[in-house]
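Everything below belongs to work.json, which stores JSON, C-alpha atoms.
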```
[["chain", "number", "residue", "atom", "x", "y", "z"],
["K", 224, "MET", "CA", -30.58, 91.53, 131.28],
["K", 225, "LYS", "CA", -27.96, 88.80, 130.99],
["K", 226, "ARG", "CA", -29.19, 88.13, 127.50],
["K", 227, "LEU", "CA", -28.93, 91.79, 126.65],
["K", 228, "ILE", "CA", -25.34, 91.95, 127.89],
["K", 229, "ALA", "CA", -24.51, 88.88, 125.85],
["K", 230, "LEU", "CA", -26.05, 90.52, 122.78],
["K", 231, "VAL", "CA", -24.10, 93.71, 123.30],
["K", 232, "ALA", "CA", -20.91, 91.73, 123.87],
["K", 233, "LEU", "CA", -21.61, 89.82, 120.66],
["K", 234, "ALA", "CA", -21.88, 93.04, 118.72],
["K", 235, "PHE", "CA", -18.38, 94.03, 119.78],
["K", 236, "ALA", "CA", -16.78, 90.59, 119.46],
["K", 237, "SER", "CA", -14.19, 90.47, 116.71],
["K", 238, "PRO", "CA", -14.69, 87.36, 114.62],
["K", 239, "VAL", "CA", -12.02, 84.69, 114.90],
["K", 240, "PHE", "CA", -11.22, 85.00, 111.23],
["K", 241, "ALA", "CA", -10.69, 88.72, 111.34],
["K", 242, "GLN", "CA", -7.02, 87.84, 111.53],
["K", 243, "GLU", "CA", -7.03, 87.12, 107.83],
["K", 244, "GLU", "CA", -7.79, 90.78, 107.25],
["K", 245, "GLN", "CA", -4.34, 91.70, 108.49],
["K", 246, "SER", "CA", -3.48, 92.53, 104.95],
["K", 247, "THR", "CA", -0.18, 94.29, 104.60],
["K", 248, "ALA", "CA", -1.04, 95.30, 101.04],
["K", 249, "PRO", "CA", -0.43, 99.04, 101.39],
["K", 250, "TYR", "CA", -3.33, 100.35, 99.32],
["K", 251, "ALA", "CA", -6.03, 97.83, 100.20],
["K", 252, "TYR", "CA", -7.88, 100.37, 102.37],
["K", 253, "ARG", "CA", -6.00, 103.53, 101.50],
["K", 254, "GLN", "CA", -6.68, 105.85, 98.61],
["K", 255, "LEU", "CA", -4.00, 107.24, 96.34],
["K", 256, "ASP", "CA", -2.84, 110.74, 97.20],
["K", 257, "ASP", "CA", -3.45, 112.04, 93.70],
["K", 258, "PRO", "CA", -7.26, 112.38, 93.26],
["K", 259, "ALA", "CA", -7.05, 111.98, 89.48],
["K", 260, "GLN", "CA", -5.17, 108.71, 89.84],
["K", 261, "GLU", "CA", -7.56, 107.53, 92.56],
["K", 262, "THR", "CA", -10.54, 108.21, 90.26],
["K", 263, "LYS", "CA", -8.89, 106.16, 87.53],
["K", 264, "ALA", "CA", -8.17, 103.33, 89.96],
["K", 265, "GLN", "CA", -11.71, 103.48, 91.38],
["K", 266, "ASP", "CA", -13.26, 103.31, 87.89],
["K", 267, "LEU", "CA", -11.15, 100.24, 87.10],
["K", 268, "MET", "CA", -11.82, 98.55, 90.44],
["K", 269, "GLU", "CA", -15.56, 98.83, 89.90],
["K", 270, "THR", "CA", -15.23, 96.75, 86.72],
["K", 271, "LEU", "CA", -13.09, 93.97, 88.19],
["K", 272, "ARG", "CA", -14.66, 90.91, 89.78],
["K", 273, "CYS", "CA", -13.76, 89.79, 93.27],
["K", 274, "LEU", "CA", -12.65, 86.19, 92.84],
["K", 275, "GLN", "CA", -13.97, 85.07, 96.21],
["K", 276, "CYS", "CA", -17.37, 86.75, 96.41],
["K", 277, "GLN", "CA", -18.06, 86.57, 92.74],
["K", 278, "GLY", "CA", -21.06, 88.85, 92.49],
["K", 279, "GLN", "CA", -19.12, 91.83, 93.80],
["K", 280, "SER", "CA", -16.53, 94.12, 92.32],
["K", 281, "ILE", "CA", -13.22, 94.46, 94.14],
["K", 282, "ALA", "CA", -14.26, 98.01, 95.03],
["K", 283, "ASP", "CA", -17.28, 96.62, 96.95],
["K", 284, "SER", "CA", -15.77, 93.55, 98.51],
["K", 285, "ASP", "CA", -14.18, 93.11, 101.91],
["K", 286, "ALA", "CA", -12.63, 89.75, 101.01],
["K", 287, "PRO", "CA", -8.88, 89.71, 101.69],
["K", 288, "ILE", "CA", -8.05, 88.86, 98.09],
["K", 289, "ALA", "CA", -10.09, 91.86, 96.93],
["K", 290, "GLY", "CA", -7.90, 94.00, 99.21],
["K", 291, "SER", "CA", -4.81, 92.60, 97.52],
["K", 292, "MET", "CA", -6.32, 93.30, 94.11],
["K", 293, "ARG", "CA", -7.23, 96.88, 95.04],
["K", 294, "SER", "CA", -3.71, 97.48, 96.23],
["K", 295, "LEU", "CA", -2.33, 95.98, 93.03],
["K", 296, "VAL", "CA", -4.54, 98.25, 90.92],
["K", 297, "ARG", "CA", -3.64, 101.38, 92.89],
["K", 298, "GLU", "CA", 0.09, 100.65, 92.96],
["K", 299, "ARG", "CA", 0.19, 100.04, 89.23],
["K", 300, "ILE", "CA", -1.84, 103.16, 88.45],
["K", 301, "LYS", "CA", 0.57, 105.08, 90.66],
["K", 302, "ALA", "CA", 3.49, 103.59, 88.74],
["K", 303, "GLY", "CA", 1.96, 104.95, 85.54],
["K", 304, "GLU", "CA", 0.23, 101.92, 84.02],
["K", 305, "THR", "CA", -3.03, 102.48, 82.18],
["K", 306, "PRO", "CA", -6.21, 100.82, 83.48],
["K", 307, "GLU", "CA", -6.48, 98.70, 80.32],
["K", 308, "GLN", "CA", -2.94, 97.36, 80.82],
["K", 309, "ILE", "CA", -3.85, 96.28, 84.35],
["K", 310, "ARG", "CA", -7.09, 94.69, 83.13],
["K", 311, "ALA", "CA", -5.13, 92.82, 80.45],
["K", 312, "TRP", "CA", -2.60, 91.63, 83.06],
["K", 313, "LEU", "CA", -5.41, 90.21, 85.21],
["K", 314, "ILE", "CA", -7.22, 88.63, 82.25],
["K", 315, "GLU", "CA", -3.96, 86.94, 81.29],
["K", 316, "ARG", "CA", -4.05, 85.23, 84.67],
["K", 317, "TYR", "CA", -7.70, 84.71, 85.46],
["K", 318, "GLY", "CA", -9.38, 84.77, 82.07],
["K", 319, "ASP", "CA", -12.19, 87.10, 80.93],
["K", 320, "TYR", "CA", -14.20, 86.21, 84.02],
["K", 321, "VAL", "CA", -12.26, 88.65, 86.19],
["K", 322, "SER", "CA", -13.46, 91.62, 84.14],
["K", 323, "TYR", "CA", -17.01, 92.95, 84.13],
["K", 324, "ALA", "CA", -16.32, 94.86, 80.91],
["K", 325, "PRO", "CA", -17.20, 92.37, 78.17],
["K", 326, "GLN", "CA", -14.38, 91.55, 75.76],
["K", 327, "LEU", "CA", -15.01, 90.91, 72.09],
["K", 328, "THR", "CA", -13.80, 87.33, 71.54],
["K", 329, "GLY", "CA", -14.60, 84.35, 69.34],
["K", 330, "LEU", "CA", -17.13, 83.26, 71.96],
["K", 331, "THR", "CA", -18.82, 86.59, 72.66],
["K", 332, "TRP", "CA", -19.13, 88.18, 69.21],
["K", 333, "PRO", "CA", -22.77, 87.02, 68.75],
["K", 334, "LEU", "CA", -23.73, 89.18, 71.74],
["K", 335, "PHE", "CA", -22.52, 92.21, 69.82],
["K", 336, "ALA", "CA", -23.76, 91.04, 66.40],
["K", 337, "VAL", "CA", -27.30, 89.88, 67.28],
["K", 338, "PRO", "CA", -28.79, 93.34, 68.01],
["K", 339, "GLY", "CA", -27.54, 94.60, 64.64],
["K", 340, "VAL", "CA", -28.97, 91.55, 62.87],
["K", 341, "LEU", "CA", -32.34, 91.98, 64.62],
["K", 342, "ILE", "CA", -32.55, 95.63, 63.61],
["K", 343, "LEU", "CA", -31.70, 94.68, 60.03],
["K", 344, "ILE", "CA", -34.43, 91.99, 59.97],
["K", 345, "ALA", "CA", -36.97, 94.43, 61.44],
["K", 346, "PHE", "CA", -36.03, 97.00, 58.84],
["K", 347, "LEU", "CA", -36.45, 94.50, 55.97],
["K", 348, "LEU", "CA", -39.80, 93.21, 57.32],
["K", 349, "LEU", "CA", -41.20, 96.71, 57.81],
["K", 350, "ARG", "CA", -40.05, 97.82, 54.39],
["K", 351, "ARG", "CA", -41.85, 94.88, 52.81],
["K", 352, "ARG", "CA", -44.99, 95.61, 54.79],
["K", 353, "PHE", "CA", -45.03, 99.32, 53.96],
["K", 354, "SER", "CA", -44.32, 98.78, 50.28],
["K", 355, "ALA", "CA", -47.06, 96.09, 50.12],
["K", 356, "LYS", "CA", -49.53, 98.57, 51.62],
["K", 357, "GLY", "CA", -48.47, 101.17, 49.09],
["K", 358, "ALA", "CA", -49.05, 98.71, 46.23],
["K", 359, "GLY", "CA", -52.49, 97.77, 47.61],
["K", 360, "GLN", "CA", -53.88, 101.30, 47.39],
["Z", 48, "MET", "CA", -53.90, 95.16, 58.69],
["Z", 49, "SER", "CA", -56.62, 92.67, 57.71],
["Z", 50, "ASP", "CA", -56.38, 93.69, 54.09],
["Z", 51, "LEU", "CA", -52.84, 92.35, 53.91],
["Z", 52, "PRO", "CA", -52.57, 89.23, 51.81],
["Z", 53, "ALA", "CA", -51.85, 86.27, 54.12],
["Z", 54, "LYS", "CA", -48.74, 84.85, 52.54],
["Z", 55, "ALA", "CA", -47.22, 83.12, 55.56],
["Z", 56, "PRO", "CA", -48.28, 79.50, 56.17],
["Z", 57, "ARG", "CA", -50.73, 78.91, 59.02],
["Z", 58, "TRP", "CA", -48.22, 77.22, 61.31],
["Z", 59, "ALA", "CA", -46.11, 80.35, 61.30],
["Z", 60, "ILE", "CA", -48.44, 81.88, 63.87],
["Z", 61, "TRP", "CA", -47.00, 79.46, 66.47],
["Z", 62, "LEU", "CA", -43.43, 80.49, 65.72],
["Z", 63, "PRO", "CA", -43.15, 83.34, 68.28],
["Z", 64, "LEU", "CA", -44.61, 81.11, 71.02],
["Z", 65, "ALA", "CA", -42.19, 78.31, 70.13],
["Z", 66, "LEU", "CA", -39.28, 80.76, 70.23],
["Z", 67, "PHE", "CA", -40.43, 82.05, 73.60],
["Z", 68, "LEU", "CA", -40.80, 78.55, 75.05],
["Z", 69, "GLY", "CA", -37.36, 77.65, 73.74],
["Z", 70, "PHE", "CA", -35.97, 80.69, 75.51],
["Z", 71, "VAL", "CA", -37.71, 79.75, 78.79],
["Z", 72, "ALA", "CA", -36.31, 76.20, 78.51],
["Z", 73, "LEU", "CA", -32.81, 77.61, 78.03],
["Z", 74, "VAL", "CA", -33.16, 79.83, 81.12],
["Z", 75, "ILE", "CA", -34.49, 76.95, 83.26],
["Z", 76, "VAL", "CA", -31.64, 74.65, 82.19],
["Z", 77, "GLY", "CA", -29.14, 77.43, 82.93],
["Z", 78, "LEU", "CA", -30.68, 78.09, 86.35],
["Z", 79, "TYR", "CA", -30.72, 74.51, 87.52],
["Z", 80, "ARG", "CA", -27.42, 73.28, 86.14],
["Z", 81, "PRO", "CA", -24.84, 73.62, 88.92],
["Z", 82, "ALA", "CA", -22.21, 75.95, 87.56],
["Z", 83, "ASP", "CA", -18.52, 75.51, 88.26],
["Z", 84, "ARG", "CA", -17.60, 78.52, 90.38],
["Z", 85, "ASN", "CA", -13.88, 77.80, 90.44],
["Z", 86, "VAL", "CA", -11.78, 80.34, 88.62],
["Z", 87, "ALA", "CA", -8.94, 78.34, 87.09],
["Z", 88, "SER", "CA", -5.62, 80.01, 86.51],
["Z", 89, "ALA", "CA", -5.02, 80.87, 82.87],
["Z", 90, "LEU", "CA", -1.32, 80.21, 83.46],
["Z", 91, "VAL", "CA", -1.58, 76.41, 83.30],
["Z", 92, "GLY", "CA", 0.73, 75.37, 80.46],
["Z", 93, "LYS", "CA", 2.75, 78.56, 80.78],
["Z", 94, "SER", "CA", 5.86, 79.24, 82.77],
["Z", 95, "MET", "CA", 5.76, 80.26, 86.41],
["Z", 96, "PRO", "CA", 5.85, 84.04, 86.89],
["Z", 97, "GLN", "CA", 9.12, 85.41, 88.25],
["Z", 98, "PHE", "CA", 9.11, 86.20, 91.96],
["Z", 99, "ASP", "CA", 11.39, 86.11, 94.96],
["Z", 100, "LEU", "CA", 9.50, 85.85, 98.24],
["Z", 101, "PRO", "CA", 11.22, 86.48, 101.57],
["Z", 102, "ALA", "CA", 11.35, 83.74, 104.20],
["Z", 103, "ALA", "CA", 8.11, 83.36, 106.16],
["Z", 104, "LEU", "CA", 9.86, 81.60, 109.06],
["Z", 105, "PRO", "CA", 13.27, 82.19, 110.60],
["Z", 106, "GLY", "CA", 15.67, 79.43, 109.60],
["Z", 107, "ARG", "CA", 13.65, 78.37, 106.54],
["Z", 108, "PRO", "CA", 14.51, 79.69, 103.09],
["Z", 109, "GLY", "CA", 11.98, 81.86, 101.26],
["Z", 110, "LEU", "CA", 10.80, 80.97, 97.79],
["Z", 111, "ASP", "CA", 12.54, 82.18, 94.65],
["Z", 112, "SER", "CA", 10.84, 81.09, 91.43],
["Z", 113, "LYS", "CA", 14.28, 80.12, 90.03],
["Z", 114, "VAL", "CA", 14.30, 77.13, 92.40],
["Z", 115, "LEU", "CA", 11.29, 75.78, 90.53],
["Z", 116, "ALA", "CA", 13.29, 75.47, 87.30],
["Z", 117, "ASN", "CA", 16.04, 73.28, 88.81],
["Z", 118, "GLY", "CA", 15.22, 70.26, 86.65],
["Z", 119, "LYS", "CA", 12.95, 68.46, 89.11],
["Z", 120, "PRO", "CA", 9.16, 68.68, 89.36],
["Z", 121, "HIS", "CA", 7.78, 70.51, 92.38],
["Z", 122, "LEU", "CA", 4.48, 71.05, 94.11],
["Z", 123, "VAL", "CA", 3.78, 74.67, 94.97],
["Z", 124, "ASN", "CA", 1.15, 74.96, 97.68],
["Z", 125, "VAL", "CA", -0.61, 78.29, 98.23],
["Z", 126, "PHE", "CA", -1.86, 78.25, 101.80],
["Z", 127, "ALA", "CA", -2.49, 80.23, 104.98],
["Z", 128, "SER", "CA", -2.88, 79.51, 108.66],
["Z", 129, "TRP", "CA", -6.32, 81.19, 108.64],
["Z", 130, "CYS", "CA", -7.61, 78.81, 105.98],
["Z", 131, "ILE", "CA", -9.68, 75.90, 107.29],
["Z", 132, "PRO", "CA", -9.44, 73.64, 104.19],
["Z", 133, "CYS", "CA", -5.64, 73.96, 104.49],
["Z", 134, "ARG", "CA", -5.92, 71.98, 107.70],
["Z", 135, "VAL", "CA", -7.96, 69.34, 105.91],
["Z", 136, "GLU", "CA", -5.31, 68.86, 103.24],
["Z", 137, "ALA", "CA", -2.34, 68.85, 105.65],
["Z", 138, "PRO", "CA", -2.21, 65.02, 106.09],
["Z", 139, "GLN", "CA", -2.24, 64.57, 102.31],
["Z", 140, "LEU", "CA", 0.61, 67.07, 101.87],
["Z", 141, "GLY", "CA", 2.47, 65.24, 104.64],
["Z", 142, "ALA", "CA", 2.05, 61.94, 102.74],
["Z", 143, "LEU", "CA", 3.33, 63.54, 99.54],
["Z", 144, "ALA", "CA", 6.36, 64.97, 101.35],
["Z", 145, "LYS", "CA", 7.04, 61.52, 102.85],
["Z", 146, "ALA", "CA", 6.91, 60.07, 99.33],
["Z", 147, "GLY", "CA", 9.77, 62.40, 98.44],
["Z", 148, "VAL", "CA", 7.86, 65.12, 96.60],
["Z", 149, "PRO", "CA", 9.49, 68.53, 97.05],
["Z", 150, "ILE", "CA", 6.74, 70.84, 98.33],
["Z", 151, "GLU", "CA", 7.25, 74.59, 98.33],
["Z", 152, "GLY", "CA", 4.88, 76.82, 100.26],
["Z", 153, "ILE", "CA", 3.53, 80.26, 99.52],
["Z", 154, "SER", "CA", 2.04, 81.63, 102.70],
["Z", 155, "VAL", "CA", -0.59, 84.24, 101.88],
["Z", 156, "ARG", "CA", -1.43, 87.23, 104.13],
["Z", 157, "ASP", "CA", -0.16, 85.53, 107.27],
["Z", 158, "THR", "CA", 1.94, 86.26, 110.36],
["Z", 159, "THR", "CA", 4.98, 84.35, 111.63],
["Z", 160, "GLU", "CA", 3.34, 83.31, 114.94],
["Z", 161, "ASN", "CA", 0.15, 82.10, 113.30],
["Z", 162, "LEU", "CA", 2.14, 80.23, 110.67],
["Z", 163, "GLN", "CA", 4.32, 78.57, 113.33],
["Z", 164, "GLY", "CA", 1.24, 77.51, 115.27],
["Z", 165, "PHE", "CA", -0.39, 76.15, 112.12],
["Z", 166, "LEU", "CA", 2.66, 74.05, 111.18],
["Z", 167, "GLN", "CA", 3.04, 72.75, 114.74],
["Z", 168, "THR", "CA", -0.57, 71.57, 114.84],
["Z", 169, "ASN", "CA", -0.93, 70.29, 111.31],
["Z", 170, "GLY", "CA", 2.55, 69.12, 110.34],
["Z", 171, "ASP", "CA", 5.14, 70.76, 108.17],
["Z", 172, "PRO", "CA", 5.72, 69.30, 104.69],
["Z", 173, "PHE", "CA", 7.45, 72.37, 103.23],
["Z", 174, "GLN", "CA", 11.04, 72.69, 102.02],
["Z", 175, "ARG", "CA", 10.76, 76.43, 101.56],
["Z", 176, "ILE", "CA", 8.07, 78.89, 102.60],
["Z", 177, "GLY", "CA", 7.79, 82.29, 100.97],
["Z", 178, "ALA", "CA", 5.82, 85.02, 102.69],
["Z", 179, "ASP", "CA", 3.35, 86.61, 100.30],
["Z", 180, "ASP", "CA", 2.13, 89.22, 102.76],
["Z", 181, "ASP", "CA", 0.38, 91.51, 100.30],
["Z", 182, "GLY", "CA", -0.95, 88.71, 98.08],
["Z", 183, "LYS", "CA", 0.88, 89.93, 94.98],
["Z", 184, "VAL", "CA", 2.40, 86.58, 94.08],
["Z", 185, "GLN", "CA", -0.96, 84.91, 94.59],
["Z", 186, "LEU", "CA", -2.42, 87.29, 92.02],
["Z", 187, "ALA", "CA", 0.55, 86.82, 89.67],
["Z", 188, "LEU", "CA", -0.12, 83.06, 89.80],
["Z", 189, "GLY", "CA", -3.75, 83.47, 88.85],
["Z", 190, "SER", "CA", -4.74, 81.88, 92.15],
["Z", 191, "SER", "CA", -8.19, 82.88, 93.37],
["Z", 192, "GLY", "CA", -8.11, 81.45, 96.87],
["Z", 193, "VAL", "CA", -6.43, 79.15, 99.35],
["Z", 194, "PRO", "CA", -5.55, 76.35, 99.26],
["Z", 195, "GLU", "CA", -4.39, 75.85, 95.72],
["Z", 196, "THR", "CA", -1.64, 73.54, 94.57],
["Z", 197, "TYR", "CA", 0.40, 73.83, 91.39],
["Z", 198, "VAL", "CA", 2.40, 71.06, 89.76],
["Z", 199, "VAL", "CA", 5.48, 72.67, 88.22],
["Z", 200, "ASP", "CA", 7.81, 70.71, 85.94],
["Z", 201, "GLY", "CA", 11.61, 70.89, 86.00],
["Z", 202, "LYS", "CA", 11.69, 73.77, 83.56],
["Z", 203, "GLY", "CA", 9.42, 75.91, 85.71],
["Z", 204, "THR", "CA", 6.27, 75.39, 83.62],
["Z", 205, "ILE", "CA", 2.95, 75.06, 85.43],
["Z", 206, "VAL", "CA", 1.47, 71.79, 84.23],
["Z", 207, "TYR", "CA", -1.49, 71.39, 86.57],
["Z", 208, "GLN", "CA", -3.51, 73.42, 89.06],
["Z", 209, "HIS", "CA", -5.49, 71.83, 91.87],
["Z", 210, "ILE", "CA", -8.12, 74.18, 93.32],
["Z", 211, "GLY", "CA", -9.29, 73.60, 96.88],
["Z", 212, "GLU", "CA", -8.05, 71.14, 99.47],
["Z", 213, "ILE", "CA", -6.26, 67.95, 98.44],
["Z", 214, "ARG", "CA", -8.39, 65.06, 99.67],
["Z", 215, "PRO", "CA", -7.08, 61.47, 99.87],
["Z", 216, "GLU", "CA", -8.76, 60.63, 96.55],
["Z", 217, "HIS", "CA", -6.75, 63.33, 94.77],
["Z", 218, "LEU", "CA", -3.36, 61.89, 95.71],
["Z", 219, "GLY", "CA", -3.19, 59.45, 92.80],
["Z", 220, "LEU", "CA", -3.94, 62.14, 90.25],
["Z", 221, "LEU", "CA", -1.36, 64.50, 91.72],
["Z", 222, "LEU", "CA", 1.31, 61.80, 91.76],
["Z", 223, "ASP", "CA", 0.49, 60.98, 88.11],
["Z", 224, "LYS", "CA", 0.82, 64.65, 87.17],
["Z", 225, "LEU", "CA", 4.14, 64.84, 89.02],
["Z", 226, "LYS", "CA", 5.39, 61.73, 87.23],
["Z", 227, "GLU", "CA", 4.34, 63.18, 83.86],
["Z", 228, "ALA", "CA", 6.08, 66.43, 84.73],
["Z", 229, "GLY", "CA", 9.25, 64.51, 85.60],
["Z", 230, "GLN", "CA", 9.51, 62.86, 82.21]]
```
Rewrite the structure of this file - the entire thing - as structure tokens.
Amino acid sequence: MKRLIALVALAFASPVFAQEEQSTAPYAYRQLDDPAQETKAQDLMETLRCLQCQGQSIADSDAPIAGSMRSLVRERIKAGETPEQIRAWLIERYGDYVSYAPQLTGLTWPLFAVPGVLILIAFLLLRRRFSAKGAGQ
Amino acid sequence: MSDLPAKAPRWAIWLPLALFLGFVALVIVGLYRPADRNVASALVGKSMPQFDLPAALPGRPGLDSKVLANGKPHLVNVFASWCIPCRVEAPQLGALAKAGVPIEGISVRDTTENLQGFLQTNGDPFQRIGADDDGKVQLALGSSGVPETYVVDGKGTIVYQHIGEIRPEHLGLLLDKLKEAGQ
């Protein structure tokens, strides 16, 4: 019974570090009043990386810095900035890593080019094979 | 298919397997190489963003970014009372302050009481402490966590970013960077 009480008490104990969640960023856990703006903000937040828990988007993460980032995104959307402007502002500070939407850069262009090249090679190979068959008959 | 003339050399049959094994080797190397998970600020080498933070403590000035362009190099320490590594680096910051380095604090998502308690326990090396309650300045700096320390030269340009706590072995490097920034 004692153990059970301890378990129940544990479930309700607030962790010592919960204090760091006292974020005063106004829109960390509050949606924008305008649903259209909130949708825009939400779509952007799902494609921005939380810098602390790096596998999550800031929309998914409960890390305090993700709260600050959500509030930043919502406040800027509210002020009339476009999602791509906000993404660019963050990339300027944190590099491409902060964005889940891949950017076309000097380093990443092969990712975009290789599928096209592979399709081209396949096309050339198949054409040779089919025309060889045609000549054989 | 079998009536196709075999033009390719015999070894070519091993080519797909070799490609596949090469790919597997690449994946294994990528999996086992410890990756650097620190997100460095892209602002190193650029000027400090403009901000004017209110005072975090009564009787201590807040932090205006203009102060950082007053001709002398500064250390800007991003910290919080809830951050454990900030306690680890406190003695090193104290040593730097004793050596005459101006240290400016940016206190992230903190409260006055917690901050006062933190400084009482761990020492107080700061000339100014700005309260960044919503974390906006932290984001403007390209800082991805606490603690982080920026070396800013006399013109307000960020010349170096130290991510994580300052351990005793980092002191030499930081002092070198400060000296370079002062030239």
Applying 6 Å and all atoms listed in the file, which residues near stretch 268-275 of chain K remain after dropping the ones on its own chain fewer than 3 positions away? List them as a short mmCIF file (atom, residue, chain, number, x, y, z; two decimals) with C-alpha atoms, keeping the file's coordinate frame.
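Result went into result_17.cif, see below:
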```
data_model
loop_
_atom_site.label_atom_id
_atom_site.label_comp_id
_atom_site.auth_asym_id
_atom_site.auth_seq_id
_atom_site.Cartn_x
_atom_site.Cartn_y
_atom_site.Cartn_z
CA GLN K 265 -11.71 103.48 91.38
CA GLN K 279 -19.12 91.83 93.80
CA SER K 280 -16.53 94.12 92.32
CA ILE K 281 -13.22 94.46 94.14
CA ALA K 282 -14.26 98.01 95.03
CA ALA K 289 -10.09 91.86 96.93
CA VAL K 321 -12.26 88.65 86.19
CA SER K 322 -13.46 91.62 84.14
CA TYR K 323 -17.01 92.95 84.13
CA SER Z 191 -8.19 82.88 93.37
#
```
* Selection: 10 Å around stretch 284-287 of chain K, all atoms listed in the file, excl. self and same-chain fewer than 3 positions, as a ChimeraX atom specification -> /K:241,243-246,248,251-252,272-281,290-293 /Z:155-156,181-182,192
* **Exercise: Z:Ala89 partners within 10 Å, only C-alpha atoms, chain neighbours under 6 positions left out, as a PyMOL selection string** => (chain K and resi 313-319) or (chain Z and resi 188-190+208)
* **Exercise answer, chain Z residues close to chain K, 12 Å and all atoms listed in the file, as an MDAnalysis selection string** => chainID Z and resid 48:54 83:96 126:131 154:158 160:162 178:193
* Radius query 12 Å about (4.7, 61.6, 94.1), atoms used: only C-alpha atoms, as a ChimeraX atom specification -> /Z:119-122,139-150,198,217-229
* How far is it from atom CA of Z:Ile213 to atom CA of Z:Asn124, in Å with one decimal? -> 10.2 Å
* Asked: What separation in Å, quoted to one decimal, exists between atom CA of Z:Arg107 and atom CA of Z:Phe165?
  ->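 So the answer is 15.3 Å.
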* Asked: Suppose you want the space between atom CA of Z:Leu110 and atom CA of Z:Leu166; what is it in Å?
  ->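 Spanning atom CA of Z:Leu110 to atom CA of Z:Leu166 is a straight-line distance of 17.1 Å.
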* K:Ala259: which residues within 12 Å, counting all atoms listed in the file, same-chain residues fewer than 6 positions away excluded, as a ChimeraX atom specification? -> /K:265-266,297,300-301
